[in-house]
Amino acid sequence: MEIIAAVDRMKRNLMEIICCPTCKGDLALSVRKEEANEIVQGSLTCGKCHVDYPIEEGIPNLLPKEKK
Amino acid sequence: MKDEEVKKVVRKNYGDIALKNSPCCGPQPVNPSNMNSCCGAPPSADDMSKKMGYSEEELAKIPEGANLGLGCGNPVALASLKEGDTYLDLGSGAGIDCFLAADRVGKSGKVIGVDMTPEMIDRARENVKKAGLENIEFRLGEIEHLPVADNSVDVITSNCVINLSPDKGAVFREAFRVLKPGGKLMISDIVLLKQLPEAVLKSAEAYVGCVSGAMLKDEYLDVVKESGFTDIEIVGETSSGNVWLNDPLAESIIKTIGISMEEAKELGKSIVSIKFSAVKPKI
């Protein structure tokens, strides 16, 4: 239960005001690994550009990428 | 230099700074005795920051390692933050302004730092862990392509960073997009009072040293205006003048481009640090 709450909080924290750096569309979060209150590994996917932005070591890499 | 090359050089140099823990706003000086001094300031990052206007109380709030002594200082901007605000720092580095902002916006607020240098973001994140803060987040990204949603931010600051961007128009358009209507932009940056000689403009070292990437002041402020901002108010202007020449970086630029000391002094006069605020109108 605690973990779910933590994910929810991170999701909300991270997702609320994040967007694709290229098209400014919404990003979908998938979590691979989490610790405490932090998503350590995962990815953010842009539905429009079909680009995955990785989250590694807790840091989302949102440097612009070429469209697939 | 092409835009992509500029970004590469800047990222490389600031990445090196992040790893070395030495305060400097340019490439590392050749002479090891000068290793810790830069921008004409004393060796300690804290001393340097006090000179920029950060108080001792403020500096005490910053986790160790978050202050690299970079930038031209814009602590006043943080004073306008309110509890619950969303704050964004463009080119957040190791996080000094973000940590001070986190304290001001409180738990109900949110702080985002965007930086394109992975090593800087790594350091910032380590510092978040040290400080145990939850309302702060660092994103690896470009200030010309902000990974931040429209109309979501109350206050944006940027401290001596935009001059490094090869596309300043994109930076201000993005800042405008992400600000809420009525949101405030508070910037400190390096601008020029007159155009630099061609040789300086071509120097990569001068670029990372916040010099050759700088725009003419009037043109710069036009870009801010063209991006949609209103109430553009200059709150401070300081000539970097001869301070620039105390910098080991200046020495290396002068050597690289082959100008005399006299010419270098002239050059210094045209480089100024400005602080300004601007508003995204409420429609």
# chains A, B, ... in the order shown; residues from 1 in each chain; ligands from 1

$ interface_residues --of "chain A" --to "chain B" --cutoff "7 Å" --atoms "only C-alpha atoms" --output "PyMOL selection string"
chain A and resi 17-22+24+59-64

$ write_last_selection --atoms "N, CA and C atoms" --output "mmCIF file, in the first residue's frame"
data_model
loop_
_atom_site.group_PDB
_atom_site.id
_atom_site.type_symbol
_atom_site.label_atom_id
_atom_site.label_comp_id
_atom_site.auth_asym_id
_atom_site.auth_seq_id
_atom_site.Cartn_x
_atom_site.Cartn_y
_atom_site.Cartn_z
ATOM 1 N N ILE A 17 3.245 18.225 -14.769
ATOM 2 C CA ILE A 17 3.639 19.336 -15.634
ATOM 3 C C ILE A 17 4.812 18.953 -16.525
ATOM 4 N N ILE A 18 4.762 17.709 -16.997
ATOM 5 C CA ILE A 18 5.822 17.273 -17.900
ATOM 6 C C ILE A 18 5.220 17.148 -19.302
ATOM 7 N N CYS A 19 6.036 17.309 -20.317
ATOM 8 C CA CYS A 19 5.533 17.066 -21.665
ATOM 9 C C CYS A 19 6.691 16.678 -22.572
ATOM 10 N N CYS A 20 6.340 16.223 -23.759
ATOM 11 C CA CYS A 20 7.361 15.862 -24.751
ATOM 12 C C CYS A 20 8.112 17.134 -25.146
ATOM 13 N N PRO A 21 9.443 17.105 -25.117
ATOM 14 C CA PRO A 21 10.196 18.323 -25.447
ATOM 15 C C PRO A 21 10.009 18.745 -26.906
ATOM 16 N N THR A 22 9.621 17.792 -27.749
ATOM 17 C CA THR A 22 9.511 18.098 -29.165
ATOM 18 C C THR A 22 8.106 18.564 -29.554
ATOM 19 N N LYS A 24 5.362 18.616 -27.404
ATOM 20 C CA LYS A 24 4.667 19.116 -26.214
ATOM 21 C C LYS A 24 3.446 18.268 -25.850
ATOM 22 N N ILE A 59 16.666 10.052 -13.015
ATOM 23 C CA ILE A 59 16.661 11.275 -13.821
ATOM 24 C C ILE A 59 15.987 11.030 -15.177
ATOM 25 N N PRO A 60 14.922 11.771 -15.453
ATOM 26 C CA PRO A 60 14.320 11.637 -16.779
ATOM 27 C C PRO A 60 15.182 12.329 -17.833
ATOM 28 N N ASN A 61 15.541 11.568 -18.861
ATOM 29 C CA ASN A 61 16.323 12.148 -19.952
ATOM 30 C C ASN A 61 15.368 12.657 -21.018
ATOM 31 N N LEU A 62 15.151 13.955 -21.001
ATOM 32 C CA LEU A 62 14.183 14.557 -21.916
ATOM 33 C C LEU A 62 14.864 15.430 -22.959
ATOM 34 N N LEU A 63 16.104 15.059 -23.283
ATOM 35 C CA LEU A 63 16.782 15.747 -24.375
ATOM 36 C C LEU A 63 16.015 15.384 -25.654
ATOM 37 N N PRO A 64 15.809 16.354 -26.549
ATOM 38 C CA PRO A 64 15.008 16.071 -27.739
ATOM 39 C C PRO A 64 15.591 14.933 -28.568
#

$ residues_around --residues "Ile162 of chain B" --least-positions-apart "3" --cutoff "10 Å" --atoms "only C-alpha atoms" --output "compact mmCIF listing (two decimals) with N, CA and C atoms, in the first residue's frame"
# COMPACT_ATOMS: atom_id res chain seq x y z
N LEU B 90 16.14 27.56 -15.55
CA LEU B 90 16.70 27.16 -16.83
C LEU B 90 18.22 27.07 -16.72
N GLY B 91 18.76 25.89 -16.95
CA GLY B 91 20.20 25.71 -16.78
C GLY B 91 20.53 25.65 -15.32
N ILE B 143 16.95 23.88 -22.83
CA ILE B 143 16.09 25.03 -22.53
C ILE B 143 15.41 25.55 -23.81
N GLU B 144 15.91 25.12 -24.97
CA GLU B 144 15.24 25.48 -26.23
C GLU B 144 14.07 24.54 -26.51
N SER B 158 16.75 32.20 -14.61
CA SER B 158 17.89 31.64 -15.31
C SER B 158 19.07 32.53 -14.98
N ASN B 159 20.14 31.88 -14.59
CA ASN B 159 21.24 32.60 -14.02
C ASN B 159 22.49 32.42 -14.90
N SER B 165 23.14 29.72 -25.13
CA SER B 165 22.25 29.07 -26.09
C SER B 165 22.44 29.64 -27.49
N PRO B 166 22.56 28.75 -28.48
CA PRO B 166 22.69 29.24 -29.86
C PRO B 166 21.35 29.75 -30.42
N ASP B 167 20.24 29.48 -29.74
CA ASP B 167 18.93 29.94 -30.22
C ASP B 167 18.15 30.58 -29.06
N LYS B 168 18.48 31.83 -28.78
CA LYS B 168 17.89 32.51 -27.63
C LYS B 168 16.40 32.77 -27.83
N GLY B 169 15.99 32.97 -29.09
CA GLY B 169 14.57 33.17 -29.38
C GLY B 169 13.77 31.96 -28.92
N VAL B 171 14.53 29.85 -26.61
CA VAL B 171 14.52 29.80 -25.15
C VAL B 171 13.40 30.68 -24.59
N PHE B 172 13.30 31.91 -25.09
CA PHE B 172 12.29 32.81 -24.55
C PHE B 172 10.87 32.42 -24.99
N ILE B 187 15.63 37.03 -15.06
CA ILE B 187 16.84 36.52 -15.71
C ILE B 187 18.06 37.34 -15.32
N SER B 188 19.18 36.66 -15.11
CA SER B 188 20.44 37.39 -15.14
C SER B 188 21.26 36.77 -16.26
N ASP B 189 21.93 37.63 -17.00
CA ASP B 189 22.64 37.11 -18.17
C ASP B 189 23.74 38.09 -18.61
N ILE B 190 24.56 37.58 -19.50
CA ILE B 190 25.62 38.41 -20.06
C ILE B 190 25.16 38.94 -21.42
N VAL B 191 25.28 40.24 -21.60
CA VAL B 191 24.99 40.83 -22.91
C VAL B 191 26.14 41.77 -23.30
N CYS B 210 31.00 32.35 -21.53
CA CYS B 210 29.84 33.26 -21.52
C CYS B 210 30.12 34.56 -22.25
N GLY B 213 28.96 33.95 -27.01
CA GLY B 213 27.57 33.59 -27.27
C GLY B 213 26.60 34.71 -26.93
N ALA B 214 27.14 35.72 -26.24
CA ALA B 214 26.28 36.81 -25.78
C ALA B 214 25.82 37.67 -26.96
N MET B 215 24.61 38.21 -26.82
CA MET B 215 24.03 39.06 -27.86
C MET B 215 24.14 40.52 -27.47

$ residues_around --residues "Cys23 of chain A" --least-positions-apart "5" --cutoff "9 Å" --atoms "only C-alpha atoms" --output "ChimeraX atom specification"
/A:46,48-49

$ write_last_selection --atoms "N, CA, C and O atoms" --output "compact mmCIF listing (two decimals), in the first residue's frame"
# COMPACT_ATOMS: atom_id res chain seq x y z
N CYS A 46 6.13 9.29 -25.60
CA CYS A 46 5.26 10.26 -26.27
C CYS A 46 4.40 9.52 -27.28
O CYS A 46 4.93 8.89 -28.21
N LYS A 48 2.45 10.77 -29.48
CA LYS A 48 2.44 11.40 -30.82
C LYS A 48 3.71 11.12 -31.60
O LYS A 48 3.68 10.74 -32.75
N CYS A 49 4.85 11.31 -30.94
CA CYS A 49 6.15 11.15 -31.64
C CYS A 49 6.62 9.69 -31.64
O CYS A 49 7.55 9.35 -32.35

$ atom_distance --atom1 "atom CA of Ser55 of chain B" --atom2 "atom CA of Phe276 of chain B"
20.3 Å

$ select_by_dssp --residues "segment 72-238 of chain B" --states "alpha helix (DSSP H)" --output "PyMOL selection string"
chain B and resi 75-78+96-105+118-131+168-178+198-201+204-208+217-226

$ atom_distance --atom1 "atom CA of Ile55 of chain A" --atom2 "atom CA of Asn127 of chain B"
18.0 Å

$ atom_distance --atom1 "atom CA of Leu164 of chain B" --atom2 "atom CA of Lys7 of chain B"
8.2 Å

$ closest_residue --among "B:Leu196, B:Glu58, B:Phe229, B:Leu100" --to "Glu263 of chain B" --atoms "only C-alpha atoms"
B:Leu196

$ select_by_dssp --residues "segment 101-272 of chain B" --states "strand (DSSP E or B)" --output "VMD selection string"
chain B and resid 110 to 115 136 to 140 142 145 148 153 to 159 179 to 192 216 230 to 239 271 to 272
